[in-house]
Structure formats: structure tokens, C-alpha cells
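Listing of run-v5.cif; format and content: mmCIF, C-alpha atoms and all ligand atoms.
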data_final
#
loop_
_atom_site.label_atom_id
_atom_site.label_comp_id
_atom_site.auth_asym_id
_atom_site.auth_seq_id
_atom_site.Cartn_x
_atom_site.Cartn_y
_atom_site.Cartn_z
CA MET A 867 8.06 85.20 -62.49
CA LYS A 868 8.69 81.48 -62.67
CA ASN A 869 10.56 80.46 -59.55
CA LYS A 870 9.86 78.69 -56.33
CA THR A 871 9.61 81.92 -54.37
CA SER A 872 6.64 83.15 -56.42
CA LYS A 873 3.55 82.35 -54.42
CA ILE A 874 0.47 80.90 -56.02
CA VAL A 875 -2.52 80.51 -53.74
CA ILE A 876 -5.48 78.34 -54.64
CA LEU A 877 -8.88 78.86 -53.01
CA SER A 878 -10.90 75.79 -53.87
CA GLY A 879 -14.51 74.81 -53.32
CA ALA A 880 -16.86 71.97 -54.10
CA GLY A 881 -16.61 72.54 -57.88
CA ILE A 882 -13.06 71.15 -58.04
CA SER A 883 -14.29 67.80 -56.73
CA ALA A 884 -17.51 67.73 -58.78
CA GLU A 885 -15.88 65.76 -61.60
CA SER A 886 -14.62 63.26 -59.03
CA GLY A 887 -18.26 62.46 -58.30
CA LEU A 888 -18.71 64.58 -55.17
CA GLY A 889 -21.74 66.83 -55.59
CA THR A 890 -21.63 70.59 -55.01
CA PHE A 891 -23.91 72.35 -52.54
CA ARG A 892 -25.69 75.11 -54.42
CA ASP A 893 -25.85 73.94 -58.05
CA LYS A 894 -29.25 72.66 -59.21
CA GLY A 895 -29.74 69.29 -57.51
CA GLY A 896 -26.91 70.07 -55.08
CA LEU A 897 -26.69 68.87 -51.50
CA TRP A 898 -28.53 71.88 -50.07
CA ASP A 899 -31.51 71.09 -52.34
CA GLU A 900 -31.72 67.68 -50.74
CA TYR A 901 -31.03 68.71 -47.14
CA ASP A 902 -31.82 71.73 -44.98
CA ILE A 903 -28.61 73.23 -43.57
CA ASN A 904 -30.42 73.78 -40.26
CA ASP A 905 -31.16 70.06 -39.92
CA VAL A 906 -27.63 68.76 -40.48
CA ALA A 907 -24.91 71.41 -40.38
CA THR A 908 -25.32 73.53 -37.26
CA PRO A 909 -24.62 73.07 -33.53
CA GLU A 910 -28.40 73.32 -32.99
CA ALA A 911 -28.97 70.41 -35.38
CA TRP A 912 -26.50 68.35 -33.35
CA GLU A 913 -28.32 69.23 -30.12
CA LYS A 914 -31.67 68.32 -31.64
CA ASP A 915 -30.88 65.16 -33.58
CA PRO A 916 -27.25 63.97 -33.45
CA GLU A 917 -28.11 60.69 -35.16
CA LEU A 918 -29.40 62.54 -38.24
CA VAL A 919 -26.26 64.71 -38.30
CA LEU A 920 -23.97 61.68 -37.95
CA ASP A 921 -25.88 59.87 -40.68
CA PHE A 922 -25.53 62.88 -43.04
CA TYR A 923 -21.76 63.04 -42.55
CA ASN A 924 -21.37 59.23 -42.58
CA LYS A 925 -22.86 59.32 -46.09
CA ARG A 926 -20.48 62.12 -47.13
CA ARG A 927 -17.54 60.12 -45.73
CA SER A 928 -18.47 56.96 -47.67
CA LEU A 929 -18.55 58.95 -50.91
CA VAL A 930 -15.21 60.65 -50.15
CA LEU A 931 -13.57 57.30 -49.40
CA GLU A 932 -14.57 56.10 -52.87
CA ALA A 933 -13.65 59.30 -54.75
CA LYS A 934 -10.45 59.73 -56.72
CA PRO A 935 -8.63 62.98 -57.51
CA ASN A 936 -9.21 64.35 -61.01
CA ALA A 937 -7.05 66.15 -63.56
CA ALA A 938 -7.59 69.46 -61.77
CA HIS A 939 -6.20 68.18 -58.46
CA TYR A 940 -3.23 66.60 -60.25
CA ALA A 941 -2.44 69.74 -62.25
CA LEU A 942 -2.07 71.67 -58.97
CA VAL A 943 0.49 69.11 -57.80
CA GLU A 944 2.49 69.69 -61.00
CA LEU A 945 2.38 73.43 -60.31
CA GLU A 946 4.29 72.79 -57.05
CA ASN A 947 7.33 71.76 -59.09
CA HIS A 948 7.57 75.32 -60.36
CA TYR A 949 6.06 77.65 -57.77
CA ASP A 950 5.45 77.98 -54.05
CA VAL A 951 1.86 76.70 -54.09
CA HIS A 952 -0.54 76.87 -51.15
CA ILE A 953 -4.02 75.42 -51.26
CA ILE A 954 -6.79 76.84 -49.11
CA THR A 955 -9.82 74.64 -49.49
CA GLN A 956 -13.37 74.83 -48.22
CA ASN A 957 -13.70 71.15 -49.06
CA ILE A 958 -13.85 68.47 -46.38
CA ASP A 959 -12.69 65.77 -48.82
CA ASP A 960 -9.06 64.64 -49.05
CA LEU A 961 -8.64 64.81 -52.83
CA HIS A 962 -5.90 67.48 -52.77
CA GLU A 963 -3.95 65.27 -50.34
CA LYS A 964 -4.64 62.09 -52.34
CA ALA A 965 -3.38 63.80 -55.50
CA GLY A 966 -0.16 64.74 -53.68
CA SER A 967 -0.39 68.46 -52.87
CA ASN A 968 1.66 69.35 -49.83
CA LYS A 969 0.55 72.66 -48.36
CA ILE A 970 -3.16 72.55 -47.67
CA ILE A 971 -5.38 74.45 -45.26
CA HIS A 972 -8.86 73.03 -44.69
CA LEU A 973 -11.08 75.92 -43.68
CA HIS A 974 -14.17 73.79 -43.08
CA GLY A 975 -12.58 70.69 -41.57
CA GLU A 976 -11.85 67.19 -42.81
CA ILE A 977 -14.50 64.48 -43.04
CA LEU A 978 -11.99 61.64 -42.52
CA LYS A 979 -11.22 62.99 -39.04
CA ALA A 980 -13.27 63.21 -35.87
CA GLN A 981 -13.13 65.43 -32.82
CA SER A 982 -14.46 65.24 -29.29
CA VAL A 983 -17.61 67.27 -28.62
CA ASN A 984 -15.67 68.62 -25.69
CA ASP A 985 -12.50 69.73 -27.49
CA PRO A 986 -12.45 70.86 -31.14
CA ASP A 987 -8.68 71.32 -31.02
CA LYS A 988 -7.86 67.61 -30.88
CA GLN A 989 -8.52 65.59 -34.01
CA TYR A 990 -8.51 61.86 -34.56
CA VAL A 991 -8.04 60.12 -37.90
CA LEU A 992 -10.97 57.74 -38.32
CA ASN A 993 -10.24 54.14 -39.22
CA THR A 994 -13.88 53.39 -39.95
CA SER A 995 -16.33 54.99 -42.37
CA LYS A 996 -18.95 55.68 -39.69
CA ILE A 997 -19.19 57.59 -36.44
CA GLN A 998 -22.02 56.30 -34.27
CA LEU A 999 -23.69 57.56 -31.13
CA GLY A 1000 -21.68 56.08 -28.26
CA ASP A 1001 -18.34 56.27 -30.11
CA LEU A 1002 -16.10 58.10 -27.67
CA ALA A 1003 -12.96 60.21 -28.00
CA PRO A 1004 -10.01 59.43 -25.69
CA ASP A 1005 -11.31 62.15 -23.33
CA GLY A 1006 -14.50 60.11 -22.80
CA HIS A 1007 -16.81 62.44 -24.73
CA GLN A 1008 -18.84 61.63 -27.85
CA LEU A 1009 -17.01 61.85 -31.17
CA ARG A 1010 -18.39 64.14 -33.85
CA PRO A 1011 -17.17 64.82 -37.39
CA HIS A 1012 -14.23 67.20 -37.68
CA VAL A 1013 -16.20 69.65 -39.79
CA VAL A 1014 -17.07 73.29 -39.25
CA TRP A 1015 -20.78 73.85 -38.82
CA PHE A 1016 -22.56 77.09 -39.60
CA GLY A 1017 -22.10 79.36 -36.61
CA GLU A 1018 -18.76 77.81 -35.57
CA ALA A 1019 -15.33 79.43 -35.80
CA VAL A 1020 -13.23 78.78 -38.91
CA PRO A 1021 -9.78 77.46 -37.99
CA ARG A 1022 -6.63 78.87 -39.59
CA LEU A 1023 -8.48 81.79 -41.15
CA GLU A 1024 -5.65 84.19 -40.27
CA ASP A 1025 -3.05 81.88 -41.84
CA ALA A 1026 -5.15 81.76 -44.99
CA GLU A 1027 -5.51 85.53 -45.06
CA GLU A 1028 -1.76 86.03 -44.71
CA LEU A 1029 -1.05 83.62 -47.55
CA ILE A 1030 -3.42 85.50 -49.85
CA MET A 1031 -1.97 88.88 -48.82
CA ASN A 1032 1.42 87.65 -50.05
CA ALA A 1033 0.23 85.87 -53.18
CA ASN A 1034 1.52 86.75 -56.66
CA VAL A 1035 -1.33 84.76 -58.21
CA LEU A 1036 -4.67 83.78 -56.69
CA ILE A 1037 -6.70 81.06 -58.41
CA VAL A 1038 -10.24 80.58 -57.13
CA ILE A 1039 -11.75 77.30 -58.28
CA GLY A 1040 -15.31 75.98 -58.09
CA THR A 1041 -16.77 78.02 -55.27
CA SER A 1042 -19.87 80.18 -55.28
CA LEU A 1043 -18.27 82.36 -52.57
CA ASN A 1044 -21.50 82.29 -50.63
CA VAL A 1045 -20.10 81.23 -47.27
CA TYR A 1046 -18.33 83.68 -44.99
CA PRO A 1047 -15.73 84.29 -43.72
CA ALA A 1048 -14.09 82.14 -46.47
CA ALA A 1049 -15.63 84.29 -49.22
CA ASN A 1050 -14.02 87.43 -47.84
CA LEU A 1051 -10.54 86.00 -48.36
CA ILE A 1052 -10.48 87.13 -52.00
CA TYR A 1053 -10.31 90.73 -50.79
CA ALA A 1054 -7.08 90.10 -48.89
CA CYS A 1055 -4.90 90.08 -52.01
CA THR A 1056 -2.98 93.09 -53.27
CA ASP A 1057 -3.76 95.03 -56.46
CA LYS A 1058 -0.62 93.53 -58.02
CA CYS A 1059 -1.83 89.95 -57.49
CA GLU A 1060 -3.16 88.23 -60.64
CA LYS A 1061 -6.59 86.87 -59.79
CA TYR A 1062 -8.51 84.17 -61.64
CA ILE A 1063 -11.70 82.26 -61.04
CA ILE A 1064 -12.44 79.00 -62.82
CA ASP A 1065 -16.13 78.10 -62.93
CA PRO A 1066 -18.39 76.77 -65.71
CA ASN A 1067 -21.32 79.04 -64.81
CA GLU A 1068 -22.01 82.72 -65.48
CA LEU A 1069 -20.74 84.81 -62.58
CA SER A 1070 -22.87 87.91 -62.44
CA SER A 1071 -22.40 88.99 -58.84
CA VAL A 1072 -20.30 92.09 -58.19
CA LYS A 1073 -18.11 90.10 -55.78
CA PHE A 1074 -16.45 88.39 -58.76
CA LYS A 1075 -15.65 91.59 -60.63
CA ASN A 1076 -11.94 91.78 -59.76
CA LEU A 1077 -11.35 88.19 -60.79
CA ILE A 1078 -10.62 87.10 -64.37
CA HIS A 1079 -13.28 84.52 -65.15
CA ILE A 1080 -12.02 81.45 -66.98
CA LYS A 1081 -15.30 79.83 -67.92
CA GLY A 1082 -15.25 76.06 -67.94
CA ASN A 1083 -14.88 72.90 -65.91
CA ALA A 1084 -12.02 72.50 -63.47
CA THR A 1085 -10.61 69.42 -65.22
CA ASP A 1086 -10.27 71.34 -68.51
CA LYS A 1087 -9.34 74.81 -67.36
CA ILE A 1088 -6.97 74.14 -64.47
CA PRO A 1089 -4.53 72.01 -66.51
CA GLU A 1090 -4.62 74.73 -69.21
CA LEU A 1091 -3.91 77.55 -66.74
CA VAL A 1092 -1.21 75.52 -64.99
CA ASN A 1093 0.43 74.86 -68.34
CA GLU A 1094 0.38 78.57 -69.15
CA LEU A 1095 1.87 79.47 -65.75
CA ILE A 1096 4.62 76.87 -66.09
CA HIS A 1097 5.61 78.00 -69.58
CA ARG A 1098 5.46 81.77 -69.19
P1 LIG A 1101 -21.09 75.69 -53.91
O1 LIG A 1101 -21.94 74.51 -54.21
O2 LIG A 1101 -21.72 76.84 -53.23
O3 LIG A 1101 -20.43 76.24 -55.26
C1 LIG A 1101 -19.84 75.35 -56.17
C2 LIG A 1101 -19.32 76.13 -57.36
O4 LIG A 1101 -18.64 75.21 -58.20
C3 LIG A 1101 -20.39 76.82 -58.19
O5 LIG A 1101 -20.01 78.16 -58.45
C4 LIG A 1101 -20.41 76.00 -59.49
O6 LIG A 1101 -20.73 76.78 -60.64
C5 LIG A 1101 -18.99 75.49 -59.55
N1 LIG A 1101 -18.80 74.25 -60.31
C6 LIG A 1101 -19.67 73.25 -60.56
N2 LIG A 1101 -19.11 72.29 -61.31
C7 LIG A 1101 -17.83 72.67 -61.53
C8 LIG A 1101 -16.74 72.10 -62.25
N3 LIG A 1101 -16.83 70.92 -62.87
N4 LIG A 1101 -15.57 72.79 -62.27
C9 LIG A 1101 -15.45 74.00 -61.64
N5 LIG A 1101 -16.44 74.57 -60.96
C10 LIG A 1101 -17.62 73.93 -60.90
O7 LIG A 1101 -19.83 75.15 -53.09
P2 LIG A 1101 -18.79 75.96 -52.21
O8 LIG A 1101 -18.65 77.36 -52.68
O9 LIG A 1101 -17.57 75.14 -52.09
O10 LIG A 1101 -19.58 74.61 -46.00
O11 LIG A 1101 -19.53 75.95 -50.82
C11 LIG A 1101 -18.94 76.59 -49.74
C12 LIG A 1101 -19.37 75.95 -48.47
O12 LIG A 1101 -20.80 75.87 -48.41
C13 LIG A 1101 -18.94 74.53 -48.27
O13 LIG A 1101 -17.60 74.41 -47.84
C14 LIG A 1101 -19.89 74.01 -47.26
C15 LIG A 1101 -21.16 74.57 -47.86
O14 LIG A 1101 -22.21 74.77 -47.01
C16 LIG A 1101 -20.04 74.13 -44.84
O15 LIG A 1101 -20.75 73.13 -44.78
C17 LIG A 1101 -19.61 74.92 -43.65
#

Would you mind giving the structure from this file in C-alpha cells?
Amino acid sequence: MKNKTSKIVILSGAGISAESGLGTFRDKGGLWDEYDINDVATPEAWEKDPELVLDFYNKRRSLVLEAKPNAAHYALVELENHYDVHIITQNIDDLHEKAGSNKIIHLHGEILKAQSVNDPDKQYVLNTSKIQLGDLAPDGHQLRPHVVWFGEAVPRLEDAEELIMNANVLIVIGTSLNVYPAANLIYACTDKCEKYIIDPNELSSVKFKNLIHIKGNATDKIPELVNELIHR
């Protein structure tokens, strides 16, 4: 199978960046233990208290700016030398880009970018770590983080679905598959597609049953799987 026309699709979540120091959401002590989603990650939260929302994402951005890619991110870059690799990530960090991966879809936005409250389709790369109330987009409206809040549309979902439909191998990494529509993407692949999930925790839910569970941390198990795929 080893050739550049064989498609490997990666669906990554917070777990791939955990060993780079960026916390996950739903593990014990995760971000959603500390914060209520309804206070910081919905359009209603923004209406009610934009300063709190900006502060929450300003903190996330500071951490992302300090974080470095780990062995898992780098192994996926190596995989590109052998296969047609596409990364679909739920993460708002830029660690896949920093590592050097080329084809990346961010389903839930990118924390290092901003958008106008009036136009989600135009994004601006931030050259500061903070967005503050009063910071305006070129269209004169308030800037907000370029992230997808609960209740908002997920961009490029159809592109992601098409990639998975055509995948020879799907590797799901470090996601609890609790957030939809992203979680439904695993059902888009064909029966012929090899499907793996890399996660250190027990996966008891029926939604994981068609995926081969490689139990362990991303930084151990992804380089191992990549090595196996390259040498088969
Ligand atoms: P979760 O926090 O829900 O799930 C993280 C997963 O990573 C869990 O299954 C962990 O077991 C696993 N994990 C932890 N450490 C790991 C490691 N070192 N290596 C591999 N896996 C590890 O995060 P996501 O599924 O990414 O969306 O969350 C999905 C979405 O929910 C996020 O994109 C965000 C959040 O609310 C929005 O804010 C819209």
C-alpha cells in the first residue's frame, strides 16, 4: 500500500497536544472541570460577558504560544514523506503546523487568528497574544477569537467528510469523540478503511467499537504506528 496516493487521514483532538503541556477538556482536572462551557464557549456567553470570554481565550492563546510540538506531531510529518496525509483536527492550537504538517483542516478554529463579530468568513492573524474589548477588525466591528463556539456552524465539515470517505487508513488520536458533528466523521469511512484510535484510557463506549484501540500516549504510540505504516 505504501505510496503517495494512499490516503491516511488523521482525526486529532486535545490528547495529541496533552504532552506538549496543553490540557485536555474532559479528562479529570481538564478545562471543562475548571470552566463552565456556557460561561465561555457559546454565543450567549459572548452576549452576556464578552470580557470573560476574551480572557478565557487570551489565556489559551498564551499557553499555545509557549507550547512546542511533541513526538506525535513530528511523526505525522514523517508520514507525509510516504503517504498522502491529511490532518483533520479539533484543536485550536498550531502544533501540527509548527511541526511541519502541510494539509490541515481546523474544525473548531484557530486560536492565533481573530475574526470580526460581523463576518466569520474573514480571519486575521493576530500579532499580539491578547484580544481586548475595543480591538476592531478592518470592517469596524469588534474582533473575537477565530474559534467555533457551541451552537455555531463547523467550517469545512464537508471537506473533512470527503477526505475520510476516501481514506485507506483513519487514525483517530486523543479525542473523546463527545462533540458533534466532528464525532460523526468516523462513520464516513468505508468498510475497507483501516481504523485506529490512539488513547491511553479505556474506551468502553459503543461508538469506538469499529476502531482498533492502540492503548497508550500519543508520543509513544503514534511514532510506533507511523513506523509500522512506513515499513509495511
Ligand atoms: P477531550 O478532552 O474530550 O478528550 C481528550 C482525549 O484525549 C481523551 O479521550 C483522553 O483519554 C485522551 N488523552 C489524554 N491524554 C492523552 C495522551 N497523552 N495521548 C493521547 N490521548 C490522550 O478533547 P476533545 O475530544 O479534543 O471544542 O474535545 C473535543 C472538543 O471539545 C474540543 O475541540 C473543544 C471541546 O469543547 C470546542 O470548544 C468547540

The distance between atom C3 of ligand LIG 1101 (chain A) and CA of Thr1041 (chain A) is 4.8 Å

Scan for residues within 9 Å of the point (-11.5, 63.9, -50.9) in the coordinates of the file, using only C-alpha atoms, and reply as a PyMOL selection string.
-> chain A and resi 883+886+888+927+929-935+957-964+976-978

Listed atoms of region 1071-1078 of chain A boxed along x, y and z, 3 Å each side, centre and edge lengths in Å, one decimal, as JSON:
{"center_x": -16.5, "center_y": 89.6, "center_z": -60.1, "size_x": 17.8, "size_y": 11.0, "size_z": 14.6}

With the cut-off set at 7 Å and counting only C-alpha atoms and all ligand atoms, tabulate each residue of chain A with an atom at most that distance from an atom of ligand LIG 1101 (chain A), showing the nearest atom pair and its distance in Å to one decimal, ordered by chain and increasing number, as a Markdown table.
| residue | atom | partner | partner_atom | distance |
| --- | --- | --- | --- | --- |
| A:Ser878 | CA | A:LIG1101 | O9 | 6.9 |
| A:Gly879 | CA | A:LIG1101 | O9 | 3.3 |
| A:Ala880 | CA | A:LIG1101 | O9 | 3.8 |
| A:Gly881 | CA | A:LIG1101 | O4 | 3.4 |
| A:Ile882 | CA | A:LIG1101 | C9 | 5.2 |
| A:Ala884 | CA | A:LIG1101 | N3 | 5.2 |
| A:Glu885 | CA | A:LIG1101 | N3 | 5.4 |
| A:Thr890 | CA | A:LIG1101 | O1 | 4.0 |
| A:Phe891 | CA | A:LIG1101 | O1 | 3.4 |
| A:Arg892 | CA | A:LIG1101 | O1 | 3.8 |
| A:Asp893 | CA | A:LIG1101 | O1 | 5.5 |
| A:Gly896 | CA | A:LIG1101 | O1 | 6.7 |
| A:Ala907 | CA | A:LIG1101 | O15 | 6.3 |
| A:Gln956 | CA | A:LIG1101 | O13 | 4.3 |
| A:Asn957 | CA | A:LIG1101 | O13 | 5.2 |
| A:His974 | CA | A:LIG1101 | C17 | 5.6 |
| A:Val1014 | CA | A:LIG1101 | C17 | 5.3 |
| A:Trp1015 | CA | A:LIG1101 | C17 | 5.1 |
| A:Phe1016 | CA | A:LIG1101 | C17 | 5.5 |
| A:Ile1039 | CA | A:LIG1101 | C9 | 6.0 |
| A:Gly1040 | CA | A:LIG1101 | N5 | 3.4 |
| A:Thr1041 | CA | A:LIG1101 | O8 | 3.3 |
| A:Ser1042 | CA | A:LIG1101 | O5 | 3.8 |
| A:Leu1043 | CA | A:LIG1101 | O8 | 5.0 |
| A:Asn1044 | CA | A:LIG1101 | O2 | 6.0 |
| A:Val1045 | CA | A:LIG1101 | C11 | 5.4 |
| A:Ile1064 | CA | A:LIG1101 | C9 | 6.0 |
| A:Asp1065 | CA | A:LIG1101 | N5 | 4.1 |
| A:Pro1066 | CA | A:LIG1101 | O6 | 5.6 |
| A:Asn1067 | CA | A:LIG1101 | O6 | 4.8 |
| A:Gly1082 | CA | A:LIG1101 | N4 | 6.6 |
| A:Asn1083 | CA | A:LIG1101 | N4 | 3.7 |
| A:Ala1084 | CA | A:LIG1101 | N4 | 3.8 |
| A:Thr1085 | CA | A:LIG1101 | N4 | 6.7 |

Would you put the residues from that selection into a file with C-alpha atoms, as a CSV table (one decimal), keeping the file's coordinate frame?
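Result saved to again.csv:
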chain,number,residue,atom,x,y,z
A,878,SER,CA,-10.9,75.8,-53.9
A,879,GLY,CA,-14.5,74.8,-53.3
A,880,ALA,CA,-16.9,72.0,-54.1
A,881,GLY,CA,-16.6,72.5,-57.9
A,882,ILE,CA,-13.1,71.2,-58.0
A,884,ALA,CA,-17.5,67.7,-58.8
A,885,GLU,CA,-15.9,65.8,-61.6
A,890,THR,CA,-21.6,70.6,-55.0
A,891,PHE,CA,-23.9,72.4,-52.5
A,892,ARG,CA,-25.7,75.1,-54.4
A,893,ASP,CA,-25.8,73.9,-58.0
A,896,GLY,CA,-26.9,70.1,-55.1
A,907,ALA,CA,-24.9,71.4,-40.4
A,956,GLN,CA,-13.4,74.8,-48.2
A,957,ASN,CA,-13.7,71.2,-49.1
A,974,HIS,CA,-14.2,73.8,-43.1
A,1014,VAL,CA,-17.1,73.3,-39.2
A,1015,TRP,CA,-20.8,73.8,-38.8
A,1016,PHE,CA,-22.6,77.1,-39.6
A,1039,ILE,CA,-11.8,77.3,-58.3
A,1040,GLY,CA,-15.3,76.0,-58.1
A,1041,THR,CA,-16.8,78.0,-55.3
A,1042,SER,CA,-19.9,80.2,-55.3
A,1043,LEU,CA,-18.3,82.4,-52.6
A,1044,ASN,CA,-21.5,82.3,-50.6
A,1045,VAL,CA,-20.1,81.2,-47.3
A,1064,ILE,CA,-12.4,79.0,-62.8
A,1065,ASP,CA,-16.1,78.1,-62.9
A,1066,PRO,CA,-18.4,76.8,-65.7
A,1067,ASN,CA,-21.3,79.0,-64.8
A,1082,GLY,CA,-15.2,76.1,-67.9
A,1083,ASN,CA,-14.9,72.9,-65.9
A,1084,ALA,CA,-12.0,72.5,-63.5
A,1085,THR,CA,-10.6,69.4,-65.2

Closest pair table for region 910-959 of chain A residues within 10 Å of region 902-906 of chain A, all atoms listed in the file, as JSON lines:
{"residue": "A:Glu910", "atom": "CA", "partner": "A:Asn904", "partner_atom": "CA", "distance": 7.6}
{"residue": "A:Ala911", "atom": "CA", "partner": "A:Asp905", "partner_atom": "CA", "distance": 5.1}
{"residue": "A:Trp912", "atom": "CA", "partner": "A:Val906", "partner_atom": "CA", "distance": 7.2}
{"residue": "A:Lys914", "atom": "CA", "partner": "A:Asp905", "partner_atom": "CA", "distance": 8.5}
{"residue": "A:Asp915", "atom": "CA", "partner": "A:Asp905", "partner_atom": "CA", "distance": 8.0}
{"residue": "A:Pro916", "atom": "CA", "partner": "A:Val906", "partner_atom": "CA", "distance": 8.5}
{"residue": "A:Glu917", "atom": "CA", "partner": "A:Val906", "partner_atom": "CA", "distance": 9.7}
{"residue": "A:Leu918", "atom": "CA", "partner": "A:Val906", "partner_atom": "CA", "distance": 6.8}
{"residue": "A:Val919", "atom": "CA", "partner": "A:Val906", "partner_atom": "CA", "distance": 4.8}
{"residue": "A:Leu920", "atom": "CA", "partner": "A:Val906", "partner_atom": "CA", "distance": 8.4}
{"residue": "A:Asp921", "atom": "CA", "partner": "A:Val906", "partner_atom": "CA", "distance": 9.1}
{"residue": "A:Phe922", "atom": "CA", "partner": "A:Val906", "partner_atom": "CA", "distance": 6.7}
{"residue": "A:Tyr923", "atom": "CA", "partner": "A:Val906", "partner_atom": "CA", "distance": 8.5}

Which is closest to Lys979 (chain A) among A:Asn993, A:Ser1070, A:Asn1093, A:Ser967, if we use only C-alpha atoms?
-> A:Asn993

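Comparing the minimum interatomic distances between Ser928 (chain A) and each of A:Leu1036, A:Ile997, A:Val991, A:Ile1063, counting all atoms listed in the file, we find that A:Ile997 sits nearest.
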
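Proximity to Ala1048 (chain A) was assessed for A:Leu1002, A:Leu973, A:Val1092, A:Ile953 counting all atoms listed in the file; the smallest distance is recorded for A:Leu973.
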
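The interatomic distance for the pair CA of Ala1026 (chain A) and CA of Trp898 (chain A) works out to 25.9 Å.
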
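Minimum distance to Gly887 (chain A) across A:Thr908, A:Val1035, A:Val951, A:Arg926 (counting only C-alpha atoms) occurs at A:Arg926.
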
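Atom pair CA of Ile954 (chain A) / CA of Ile876 (chain A): separated by 5.9 Å.
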
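You can rank A:Glu1094, A:Glu944, A:Asp1086, A:Asp985 by their closest distance to His1007 (chain A) using all atoms listed in the file, and at the top of that list sits A:Asp985.
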
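If all atoms listed in the file are the atoms counted, then among A:Asp1025, A:Glu1068, A:Glu946, A:Asp1001 the closest residue to Lys1081 (chain A) is A:Glu1068.
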
Excluding Pro986 (chain A) and any residue of its chain fewer than 2 positions from it, enumerate the residues within 10 Å of it, using only C-alpha atoms, and give them as a PDB file with C-alpha atoms, in the coordinates of the input.
ATOM      1  CA  ALA A 980     -13.270  63.210 -35.870  1.00  0.00           C
ATOM      2  CA  GLN A 981     -13.130  65.430 -32.820  1.00  0.00           C
ATOM      3  CA  SER A 982     -14.460  65.240 -29.290  1.00  0.00           C
ATOM      4  CA  VAL A 983     -17.610  67.270 -28.620  1.00  0.00           C
ATOM      5  CA  ASN A 984     -15.670  68.620 -25.690  1.00  0.00           C
ATOM      6  CA  LYS A 988      -7.860  67.610 -30.880  1.00  0.00           C
ATOM      7  CA  GLN A 989      -8.520  65.590 -34.010  1.00  0.00           C
ATOM      8  CA  ARG A1010     -18.390  64.140 -33.850  1.00  0.00           C
ATOM      9  CA  PRO A1011     -17.170  64.820 -37.390  1.00  0.00           C
ATOM     10  CA  HIS A1012     -14.230  67.200 -37.680  1.00  0.00           C
ATOM     11  CA  VAL A1013     -16.200  69.650 -39.790  1.00  0.00           C
ATOM     12  CA  VAL A1014     -17.070  73.290 -39.250  1.00  0.00           C
ATOM     13  CA  PRO A1021      -9.780  77.460 -37.990  1.00  0.00           C
TER      14      PRO A1021
END
